[in-house]
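Asks: Here you go, this is model.txt (compact mmCIF, C-alpha atoms).
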# COMPACT_ATOMS: atom_id res chain seq x y z
CA MET A 1 78.87 107.67 111.69
CA LYS A 2 80.37 105.53 108.91
CA LYS A 3 78.13 107.23 106.34
CA MET A 4 79.26 110.65 107.59
CA ALA A 5 82.92 109.60 107.36
CA ILE A 6 82.45 108.40 103.79
CA GLY A 7 80.75 111.69 102.88
CA TRP A 8 83.60 113.74 104.39
CA LEU A 9 86.25 111.67 102.63
CA SER A 10 84.41 112.00 99.31
CA LEU A 11 84.31 115.78 99.75
CA PHE A 12 88.01 115.82 100.65
CA PHE A 13 88.96 113.83 97.61
CA SER A 14 86.75 115.79 95.24
CA LEU A 15 88.63 118.92 96.30
CA LEU A 16 91.94 117.12 95.91
CA CYS A 17 91.05 116.02 92.39
CA VAL A 18 90.36 119.48 90.97
CA SER A 19 93.63 119.02 89.07
CA CYS A 20 92.04 116.20 87.08
CA GLY A 21 90.61 118.80 84.73
CA PRO A 22 87.20 118.97 83.07
CA ALA A 23 85.23 115.83 82.50
CA GLU A 24 85.22 114.12 79.15
CA LYS A 25 82.20 114.83 76.97
CA THR A 26 80.40 111.71 78.10
CA GLY A 27 77.19 113.35 79.22
CA GLY A 28 75.32 116.63 78.83
CA GLN A 29 71.71 117.73 78.51
CA ALA A 30 71.41 116.90 74.81
CA ASN A 31 72.62 113.36 75.39
CA ARG A 32 70.17 112.83 78.25
CA ASP A 33 67.08 113.26 76.07
CA ILE A 34 67.07 109.64 74.92
CA SER A 35 63.36 108.82 75.07
CA PRO A 36 60.13 110.83 75.48
CA VAL A 37 59.00 108.47 78.26
CA LEU A 38 62.11 108.82 80.46
CA THR A 39 62.46 111.68 82.94
CA TYR A 40 65.98 112.68 83.98
CA SER A 41 66.57 112.68 87.73
CA HIS A 42 70.26 113.23 88.53
CA SER A 43 73.81 112.25 87.57
CA MET A 44 76.28 110.09 89.44
CA GLU A 45 78.79 112.14 91.42
CA LEU A 46 82.36 111.34 90.36
CA SER A 47 85.45 112.74 92.05
CA CYS A 48 88.19 111.92 89.55
CA ALA A 49 86.93 109.46 86.92
CA ARG A 50 86.53 111.20 83.57
CA ARG A 51 86.06 108.31 81.16
CA PHE A 52 82.48 107.42 82.01
CA SER A 53 79.33 109.11 83.25
CA VAL A 54 75.98 107.92 84.57
CA ASP A 55 72.65 109.75 84.27
CA HIS A 56 69.81 108.46 86.41
CA TYR A 57 66.15 108.57 85.38
CA GLU A 58 62.93 108.05 87.30
CA GLU A 59 61.83 104.47 88.02
CA GLY A 60 65.44 103.27 88.29
CA TYR A 61 66.69 103.56 84.71
CA ALA A 62 70.31 104.68 84.21
CA LEU A 63 72.18 105.85 81.11
CA ILE A 64 75.86 104.89 81.04
CA THR A 65 78.16 106.74 78.65
CA ILE A 66 81.71 105.51 78.03
CA ALA A 67 84.61 107.52 76.60
CA ASP A 68 84.39 105.70 73.25
CA ASP A 69 80.88 107.25 72.92
CA SER A 70 79.16 103.94 73.60
CA ARG A 71 75.87 104.38 75.47
CA TYR A 72 74.00 101.80 77.52
CA LEU A 73 70.62 101.97 79.20
CA LEU A 74 70.43 99.93 82.38
CA VAL A 75 66.87 98.64 82.68
CA PRO A 76 65.81 97.61 86.21
CA GLU A 77 64.50 94.09 86.76
CA GLY A 78 60.82 93.85 85.88
CA MET A 79 60.75 97.10 83.90
CA GLU A 80 60.18 97.42 80.15
CA GLU A 81 62.49 98.90 77.54
CA PRO A 82 61.41 102.52 76.95
CA LYS A 83 59.71 103.36 73.68
CA GLU A 84 61.31 105.51 70.97
CA LEU A 85 64.76 105.01 72.48
CA ALA A 86 67.73 106.53 70.64
CA GLU A 87 69.01 103.94 68.16
CA ASP A 88 72.63 103.90 69.32
CA ILE A 89 71.81 102.90 72.89
CA ILE A 90 72.55 99.33 73.97
CA ILE A 91 70.13 97.76 76.43
CA LEU A 92 71.44 96.10 79.61
CA ARG A 93 68.78 94.26 81.58
CA GLN A 94 69.19 93.62 85.28
CA PRO A 95 70.05 91.29 86.84
CA LEU A 96 73.33 90.87 84.96
CA GLY A 97 74.22 87.58 86.58
CA LYS A 98 76.20 85.83 83.83
CA ILE A 99 79.00 88.20 82.90
CA TYR A 100 81.97 87.26 80.71
CA LEU A 101 84.87 89.19 82.22
CA SER A 102 87.79 89.74 79.87
CA ALA A 103 89.10 92.96 81.43
CA SER A 104 91.19 91.36 84.15
CA ALA A 105 91.84 94.61 86.03
CA VAL A 106 88.09 94.83 86.71
CA MET A 107 87.82 91.55 88.67
CA ASP A 108 89.07 93.23 91.84
CA MET A 109 86.17 95.67 91.60
CA PHE A 110 83.62 92.86 91.52
CA VAL A 111 85.31 91.34 94.58
CA ALA A 112 85.30 94.70 96.36
CA VAL A 113 81.52 95.12 96.00
CA ASP A 114 80.77 91.46 96.79
CA ALA A 115 79.43 90.78 93.29
CA LEU A 116 81.74 87.96 92.24
CA ASP A 117 78.71 85.67 91.95
CA GLN A 118 77.57 87.74 88.95
CA VAL A 119 80.72 86.85 86.98
CA ARG A 120 80.17 83.51 85.24
CA PHE A 121 82.99 83.46 82.66
CA SER A 122 86.64 84.50 82.68
CA SER A 123 89.21 85.02 79.95
CA LEU A 124 91.93 83.89 82.35
CA LYS A 125 92.40 80.38 83.70
CA ALA A 126 92.47 79.82 87.45
CA GLU A 127 96.28 79.89 87.62
CA GLY A 128 96.31 83.27 85.89
CA TRP A 129 94.52 84.97 88.78
CA TYR A 130 96.43 86.52 91.68
CA ILE A 131 93.12 87.56 93.24
CA GLU A 132 92.43 84.72 95.65
CA GLU A 133 88.64 84.99 95.49
CA ALA A 134 88.66 84.77 91.68
CA ARG A 135 91.03 81.82 91.64
CA GLU A 136 88.95 79.93 94.20
CA ALA A 137 85.73 80.64 92.29
CA MET A 138 87.27 79.11 89.18
CA GLU A 139 88.60 76.10 91.03
CA THR A 140 85.12 75.37 92.40
CA GLY A 141 83.45 75.93 89.02
CA ASP A 142 81.51 79.03 90.02
CA ILE A 143 83.42 80.90 87.30
CA LEU A 144 84.22 79.10 84.06
CA TYR A 145 87.13 79.63 81.71
CA ALA A 146 85.58 80.72 78.40
CA GLY A 147 88.62 81.41 76.24
CA LYS A 148 90.86 84.43 75.72
CA TYR A 149 89.43 87.78 74.70
CA SER A 150 90.64 87.17 71.15
CA SER A 151 89.05 83.72 70.85
CA PRO A 152 86.17 83.24 73.30
CA ASP A 153 84.22 80.00 73.50
CA TYR A 154 81.03 81.30 71.88
CA GLU A 155 79.17 78.02 72.28
CA GLN A 156 79.78 77.96 76.01
CA ILE A 157 78.89 81.55 76.78
CA VAL A 158 75.81 81.51 74.53
CA SER A 159 74.48 78.21 75.89
CA GLU A 160 74.72 79.50 79.46
CA GLY A 161 72.98 82.77 78.65
CA CYS A 162 75.82 85.28 78.98
CA ASN A 163 74.21 88.73 79.25
CA LEU A 164 77.24 91.05 79.24
CA ALA A 165 80.85 90.92 78.07
CA VAL A 166 83.23 93.33 79.83
CA GLU A 167 86.31 93.82 77.68
CA ASN A 168 89.39 96.02 77.80
CA THR A 169 90.49 98.07 74.80
CA MET A 170 92.49 95.14 73.40
CA ILE A 171 89.18 93.98 71.92
CA TYR A 172 89.59 96.64 69.24
CA HIS A 173 92.51 94.63 67.84
CA THR A 174 90.05 91.81 67.11
CA PRO A 175 86.88 93.63 65.98
CA GLU A 176 85.47 90.41 64.55
CA VAL A 177 85.13 89.06 68.12
CA MET A 178 83.16 92.11 69.19
CA GLU A 179 80.92 91.77 66.14
CA GLN A 180 80.32 88.08 66.80
CA LEU A 181 79.37 88.70 70.43
CA GLN A 182 76.92 91.36 69.31
CA ARG A 183 75.56 88.99 66.66
CA PHE A 184 74.73 86.60 69.52
CA GLU A 185 72.97 89.54 71.23
CA ILE A 186 75.59 89.72 73.97
CA PRO A 187 76.19 93.40 74.86
CA VAL A 188 79.86 94.44 74.95
CA LEU A 189 81.07 97.11 77.37
CA VAL A 190 84.68 98.26 76.93
CA ASP A 191 86.43 99.27 80.15
CA TYR A 192 88.45 102.49 79.90
CA SER A 193 89.56 102.70 83.53
CA SER A 194 93.23 102.33 82.54
CA TYR A 195 92.92 105.53 80.48
CA GLU A 196 92.07 107.66 83.48
CA ALA A 197 94.62 110.44 83.98
CA ASP A 198 94.26 110.45 87.74
CA PRO A 199 95.36 107.32 89.64
CA LEU A 200 92.26 107.05 91.79
CA GLY A 201 90.11 107.92 88.79
CA ARG A 202 90.84 104.32 87.80
CA THR A 203 89.61 103.02 91.13
CA GLU A 204 86.44 105.12 90.91
CA TRP A 205 85.23 102.88 88.08
CA VAL A 206 84.10 100.59 90.90
CA LYS A 207 81.04 102.85 91.05
CA LEU A 208 80.08 101.81 87.51
CA TYR A 209 80.37 98.11 88.31
CA GLY A 210 78.53 98.68 91.57
CA LEU A 211 75.69 100.20 89.54
CA LEU A 212 75.62 97.30 87.05
CA THR A 213 75.48 94.70 89.81
CA GLY A 214 73.10 96.49 92.15
CA LYS A 215 75.89 97.15 94.67
CA GLU A 216 76.09 100.94 94.62
CA LYS A 217 76.40 101.34 98.39
CA GLU A 218 79.21 98.77 98.53
CA ALA A 219 80.99 100.56 95.68
CA GLU A 220 80.83 103.91 97.50
CA GLU A 221 82.30 102.29 100.61
CA ALA A 222 85.05 100.51 98.66
CA PHE A 223 86.10 103.74 96.97
CA ALA A 224 85.99 105.59 100.30
CA GLU A 225 88.42 103.06 101.77
CA GLN A 226 90.99 104.00 99.13
CA ILE A 227 90.36 107.69 99.75
CA GLU A 228 91.04 107.06 103.43
CA ALA A 229 94.24 105.12 102.67
CA PHE A 230 95.46 108.04 100.58
CA SER A 231 94.29 110.80 102.90
CA SER A 232 96.25 109.27 105.79
CA ILE A 233 99.51 110.59 104.27
CA GLN A 234 98.34 113.98 103.02
CA LYS A 235 99.31 116.02 106.07
CA GLU A 236 102.94 114.97 105.80
CA GLU A 237 105.52 117.01 103.91
CA ALA A 238 107.04 115.95 100.60
CA SER A 239 110.07 113.74 101.06
CA GLY A 240 112.25 115.41 98.44
CA LYS A 241 113.24 111.91 97.27
CA THR A 242 113.33 110.78 93.64
CA ALA A 243 112.21 107.40 92.30
CA ALA A 244 112.29 105.61 88.95
CA PHE A 245 109.75 102.95 87.93
CA PHE A 246 110.85 100.54 85.19
CA TYR A 247 111.59 97.04 83.97
CA ILE A 248 114.22 95.64 81.62
CA THR A 249 112.92 94.27 78.30
CA THR A 250 114.16 91.13 76.57
CA ASN A 251 116.14 93.46 74.29
CA GLY A 252 118.02 94.89 77.25
CA GLU A 253 116.25 98.27 77.18
CA ALA A 254 114.54 100.07 80.05
CA ASN A 255 110.78 100.31 79.77
CA VAL A 256 109.67 103.40 81.69
CA ARG A 257 106.47 105.33 82.30
CA LYS A 258 105.90 108.63 80.59
CA SER A 259 105.52 111.59 82.91
CA SER A 260 101.80 111.85 82.11
CA ASP A 261 101.12 108.26 83.21
CA TYR A 262 99.32 107.49 86.45
CA LEU A 263 102.34 105.88 88.17
CA PRO A 264 104.54 109.01 88.07
CA LYS A 265 101.52 110.88 89.44
CA MET A 266 101.23 108.33 92.25
CA ILE A 267 104.88 108.91 93.16
CA ALA A 268 104.17 112.65 93.27
CA LEU A 269 101.07 112.14 95.41
CA ALA A 270 103.19 110.02 97.76
CA GLY A 271 105.57 112.94 98.25
CA GLY A 272 108.32 111.99 95.81
CA THR A 273 109.52 113.02 92.36
CA TYR A 274 109.48 110.67 89.38
CA VAL A 275 112.55 110.36 87.19
CA PRO A 276 113.27 110.70 84.34
CA GLU A 277 111.38 114.01 84.46
CA ARG A 278 109.40 115.52 81.56
CA LEU A 279 109.40 112.24 79.71
CA GLY A 280 107.19 111.80 76.63
CA GLU A 281 104.38 113.86 75.16
CA GLU A 282 101.41 114.68 77.36
CA ASP A 283 98.75 113.54 74.89
CA ALA A 284 100.56 110.52 73.43
CA ALA A 285 98.47 107.36 73.18
CA SER A 286 101.00 105.08 74.87
CA SER A 287 101.78 105.51 78.57
CA THR A 288 105.18 103.79 78.38
CA MET A 289 108.33 104.05 76.30
CA THR A 290 111.63 102.23 76.00
CA MET A 291 115.03 103.81 76.46
CA GLN A 292 118.52 102.54 75.71
CA MET A 293 120.22 101.65 78.99
CA GLU A 294 122.81 104.36 78.50
CA GLU A 295 120.02 106.92 78.10
CA PHE A 296 118.18 105.58 81.15
CA TYR A 297 121.41 105.69 83.16
CA ALA A 298 122.03 109.30 82.26
CA ALA A 299 118.51 110.28 83.34
CA ALA A 300 118.03 108.14 86.47
CA LYS A 301 121.49 107.21 87.82
CA ASP A 302 121.11 109.56 90.80
CA ALA A 303 117.58 108.47 91.73
CA ASP A 304 117.16 107.83 95.45
CA TYR A 305 114.99 104.76 94.80
CA LEU A 306 114.43 102.29 91.99
CA ILE A 307 111.11 100.44 91.72
CA TYR A 308 111.13 97.41 89.46
CA ASN A 309 107.85 96.61 87.73
CA SER A 310 107.21 92.87 88.10
CA THR A 311 103.87 92.76 86.28
CA ILE A 312 105.53 92.15 82.90
CA ASP A 313 108.89 90.57 83.65
CA GLY A 314 108.11 88.69 86.89
CA GLU A 315 109.24 89.28 90.46
CA LEU A 316 112.87 89.75 91.45
CA PHE A 317 114.23 89.02 94.91
CA SER A 318 117.83 90.24 94.90
CA ILE A 319 119.84 93.13 93.52
CA GLU A 320 122.04 90.54 91.82
CA GLU A 321 119.06 89.34 89.78
CA LEU A 322 118.48 92.93 88.72
CA THR A 323 122.07 93.71 87.76
CA ASN A 324 122.29 90.45 85.81
CA LYS A 325 119.82 92.06 83.42
CA SER A 326 122.23 94.95 82.82
CA SER A 327 125.62 95.48 84.39
CA LEU A 328 125.14 99.23 83.99
CA LEU A 329 122.62 99.13 86.82
CA LYS A 330 125.50 98.54 89.27
CA ASN A 331 126.44 102.19 88.81
CA PHE A 332 123.05 103.54 89.88
CA ARG A 333 123.08 105.33 93.22
CA ALA A 334 120.00 103.47 94.47
CA VAL A 335 121.63 100.12 93.69
CA GLN A 336 124.82 101.05 95.50
CA GLU A 337 122.84 102.20 98.54
CA GLY A 338 120.50 99.19 98.46
CA ASN A 339 117.36 101.22 97.85
CA VAL A 340 115.83 98.97 95.20
CA PHE A 341 112.24 97.75 95.52
CA CYS A 342 110.02 95.48 93.46
CA THR A 343 106.25 95.41 93.01
CA THR A 344 104.35 92.29 93.98
CA LYS A 345 103.05 90.18 91.09
CA ASN A 346 99.41 90.83 91.99
CA LEU A 347 99.68 94.60 91.62
CA TYR A 348 98.19 94.88 88.12
CA GLN A 349 95.08 92.94 89.10
CA SER A 350 94.66 94.90 92.36
CA SER A 351 92.80 97.81 90.80
CA MET A 352 91.03 98.58 94.08
CA GLU A 353 94.29 99.16 95.94
CA LEU A 354 95.77 102.23 94.24
CA GLY A 355 95.26 104.33 97.34
CA THR A 356 97.15 101.67 99.27
CA LEU A 357 99.95 101.71 96.68
CA ILE A 358 100.31 105.48 96.99
CA ARG A 359 100.61 105.00 100.73
CA ASP A 360 103.16 102.21 100.12
CA ILE A 361 105.34 104.50 98.01
CA HIS A 362 105.13 107.14 100.72
CA HIS A 363 106.25 104.63 103.36
CA MET A 364 109.09 103.46 101.11
CA LEU A 365 110.33 107.03 100.70
CA ALA A 366 110.07 107.50 104.48
CA GLY A 367 111.94 104.27 105.25
CA GLU A 368 108.90 102.65 106.90
CA GLU A 369 109.17 99.24 105.25
CA GLU A 370 107.11 97.36 107.83
CA GLU A 371 104.05 99.14 106.46
CA LEU A 372 104.41 97.96 102.83
CA THR A 373 101.79 95.86 101.04
CA TYR A 374 102.60 95.93 97.31
CA LEU A 375 106.32 96.77 97.43
CA TYR A 376 109.30 94.94 98.92
CA ARG A 377 113.03 95.61 99.12
CA LEU A 378 115.43 93.50 97.02
CA GLU A 379 118.06 91.65 99.03
CA GLU A 380 121.65 92.85 98.68
Step by step, read the file and then write its structure as structure tokens.
Replies:
Amino acid sequence: MKKMAIGWLSLFFSLLCVSCGPAEKTGGQANRDISPVLTYSHSMELSCARRFSVDHYEEGYALITIADDSRYLLVPEGMEEPKELAEDIIILRQPLGKIYLSASAVMDMFVAVDALDQVRFSSLKAEGWYIEEAREAMETGDILYAGKYSSPDYEQIVSEGCNLAVENTMIYHTPEVMEQLQRFEIPVLVDYSSYEADPLGRTEWVKLYGLLTGKEKEAEEAFAEQIEAFSSIQKEEASGKTAAFFYITTNGEANVRKSSDYLPKMIALAGGTYVPERLGEEDAASSTMTMQMEEFYAAAKDADYLIYNSTIDGELFSIEELTNKSSLLKNFRAVQEGNVFCTTKNLYQSSMELGTLIRDIHHMLAGEEEELTYLYRLEE
């Protein structure tokens, strides 16, 4: 019965995600012909993720293609590397039990598929983790701190036999680190989940990490849970409410999300409308922008709700704390009516909870605060 429910939810969400658009050119027949001894079997089904693809071959081999055109061949335990393999392909040998995880948003995916024991090194210290399981694993020594992404402890990760480094795109700012890891024959996989246009496209990257860790079934179930959380609000009508999502920078400006970013899309999926509307260019590299407070006021003063982003600036607990950052905020309609919410500090690391966050925003717009998980109202 559970398998049938997961299948139905996957079908529902695949229909919902038609608006995601065509997949990135991360696969295709020409790219599948990587060795004369490998026979293509099938490709991984993806509902909304567009920044990676997986092609399966007979005898358990799998070709992973990432949006930066990197290609990896996952070789099952006990199997040999295929002959005459395309030169650009990086070999990943299972089991991958000593991973250096520098892409912090990915940790939640390893927890979700019960593969935390395959992460051996972290680029964050224990106190930097809001994910309880990760913090506890570091406190007990099951996961070791191995330096920041920009300055990893090479001696430590090499001596312990690190067999994969999972980085975010910040690694491209320090290409010498990537080169050094490769020099030590440590494969580097760059996570592009944050570049997914669709909110739950980000969450669907759990299927990739489920594949790498031999937890594909668990990954399907984890993704289905978020589909279910989201689908629970789909039959309800749009609220007609508007909401702004922002934080105040140290320069006193408002940092907001561009309209093409995943958070405005989550507000829309939750039945609301993001303001300011039509903000930023659709294909711009950055997903955020800063606005002078006067400009932000003109565009968002009549918003029904304000959501303060705590992941950069830290949590707030009262409207007074917010207005101390800019007195102009006192004139916002949402502030005057007390409809100001803040995200919890663990939101950024909770990459497997985007379906829950969409549901949270829906409940906020509907005035159902007892149901909230990652949002809370600021005290007046």
Asks: Between A:Ala334, A:Leu208, A:Val119, A:Ala229, which has the minimum distance to Arg51 of chain A (counting all atoms listed in the file)?
Replies: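 Closest residue, counting all atoms listed in the file: A:Leu208.
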Asks: Select all residues near (83.6, 76.8, 89.1) (cut-off 12 Å, inclusive, file coordinates), counting all atoms listed in the file, and output them as a PyMOL selection string.
Replies: chain A and resi 116-117+119-122+125-126+133-146
Asks: Can I get the selection written as a PDB file, keeping the file's coordinate frame, with C-alpha atoms?
Replies:
ATOM      1  CA  LEU A 116      81.740  87.960  92.240  1.00  0.00           C
ATOM      2  CA  ASP A 117      78.710  85.670  91.950  1.00  0.00           C
ATOM      3  CA  VAL A 119      80.720  86.850  86.980  1.00  0.00           C
ATOM      4  CA  ARG A 120      80.170  83.510  85.240  1.00  0.00           C
ATOM      5  CA  PHE A 121      82.990  83.460  82.660  1.00  0.00           C
ATOM      6  CA  SER A 122      86.640  84.500  82.680  1.00  0.00           C
ATOM      7  CA  LYS A 125      92.400  80.380  83.700  1.00  0.00           C
ATOM      8  CA  ALA A 126      92.470  79.820  87.450  1.00  0.00           C
ATOM      9  CA  GLU A 133      88.640  84.990  95.490  1.00  0.00           C
ATOM     10  CA  ALA A 134      88.660  84.770  91.680  1.00  0.00           C
ATOM     11  CA  ARG A 135      91.030  81.820  91.640  1.00  0.00           C
ATOM     12  CA  GLU A 136      88.950  79.930  94.200  1.00  0.00           C
ATOM     13  CA  ALA A 137      85.730  80.640  92.290  1.00  0.00           C
ATOM     14  CA  MET A 138      87.270  79.110  89.180  1.00  0.00           C
ATOM     15  CA  GLU A 139      88.600  76.100  91.030  1.00  0.00           C
ATOM     16  CA  THR A 140      85.120  75.370  92.400  1.00  0.00           C
ATOM     17  CA  GLY A 141      83.450  75.930  89.020  1.00  0.00           C
ATOM     18  CA  ASP A 142      81.510  79.030  90.020  1.00  0.00           C
ATOM     19  CA  ILE A 143      83.420  80.900  87.300  1.00  0.00           C
ATOM     20  CA  LEU A 144      84.220  79.100  84.060  1.00  0.00           C
ATOM     21  CA  TYR A 145      87.130  79.630  81.710  1.00  0.00           C
ATOM     22  CA  ALA A 146      85.580  80.720  78.400  1.00  0.00           C
TER      23      ALA A 146
END
Asks: Tell me which of A:Ser150, A:Thr288, A:Thr213, A:Ser41 sits closest to Ala115 of chain A, counting only C-alpha atoms.
Replies: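 Of A:Ser150, A:Thr288, A:Thr213, A:Ser41, the one nearest Ala115 of chain A, counting only C-alpha atoms, is A:Thr213.
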Asks: Have a look at A:Tyr61, A:Tyr348, A:Tyr100, A:Phe52 and name the one nearest to Val37 of chain A; count all atoms listed in the file.
Replies: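 Ranked by minimum distance to Val37 of chain A, first place goes to A:Tyr61.
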Asks: Find, counting all atoms listed in the file, the residue in A:Val335, A:Val190, A:Val158, A:Val113 that gets nearest to Lys217 of chain A.
Replies: A:Val113
Asks: Select, from A:Asp198, A:Asp302, A:Glu228, A:Glu160, the residue with the minimum atom-to-atom distance to Ala244 of chain A, counting only C-alpha atoms.
Replies: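 Between A:Asp198, A:Asp302, A:Glu228, A:Glu160, the residue approaching Ala244 of chain A most closely is A:Asp302.
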Asks: Using all atoms listed in the file, can you tell me which of A:Ala224, A:Ala268, A:Leu263, A:Ala62 comes closest to His42 of chain A?
Replies: A:Ala62
Asks: Find the distance between atom CA of Tyr376 of chain A and atom CA of Thr344 of chain A and write it in Å to one decimal.
Replies: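 Computed distance, atom CA of Tyr376 of chain A to atom CA of Thr344 of chain A, equals 7.5 Å.
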Asks: How many Å separate atom CA of Tyr154 of chain A from atom CA of Gln180 of chain A?
Replies: 8.5 Å
Asks: Rounded to one decimal place, report the atom CA of Ile171 of chain A-atom CA of Phe110 of chain A distance in Å.
Replies: 20.4 Å
Asks: Within 8 Å of segment 65-75 of chain A, counting only C-alpha atoms, which residues qualify if same-chain residues fewer than 3 places away don't, as a compact mmCIF listing (two decimals) with C-alpha atoms, keeping the file's coordinate frame?
Replies:
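Saved as result_21.txt:
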# COMPACT_ATOMS: atom_id res chain seq x y z
CA GLU A 24 85.22 114.12 79.15
CA LYS A 25 82.20 114.83 76.97
CA THR A 26 80.40 111.71 78.10
CA GLY A 27 77.19 113.35 79.22
CA ARG A 51 86.06 108.31 81.16
CA PHE A 52 82.48 107.42 82.01
CA SER A 53 79.33 109.11 83.25
CA VAL A 54 75.98 107.92 84.57
CA GLY A 60 65.44 103.27 88.29
CA TYR A 61 66.69 103.56 84.71
CA ALA A 62 70.31 104.68 84.21
CA MET A 79 60.75 97.10 83.90
CA GLU A 80 60.18 97.42 80.15
CA GLU A 81 62.49 98.90 77.54
CA ASP A 88 72.63 103.90 69.32
CA ILE A 89 71.81 102.90 72.89
CA ILE A 90 72.55 99.33 73.97
CA ILE A 91 70.13 97.76 76.43
CA LEU A 92 71.44 96.10 79.61
CA ARG A 93 68.78 94.26 81.58
CA GLN A 94 69.19 93.62 85.28
CA VAL A 190 84.68 98.26 76.93
CA TYR A 192 88.45 102.49 79.90
CA LEU A 212 75.62 97.30 87.05
Asks: Excluding Ser327 of chain A and its own-chain neighbours fewer than 3 positions away, which residues fall within 12 Å of it when counting all atoms listed in the file? Please give them as a PyMOL selection string.
Replies: chain A and resi 248+252+293-294+297+319-324+330-332+335
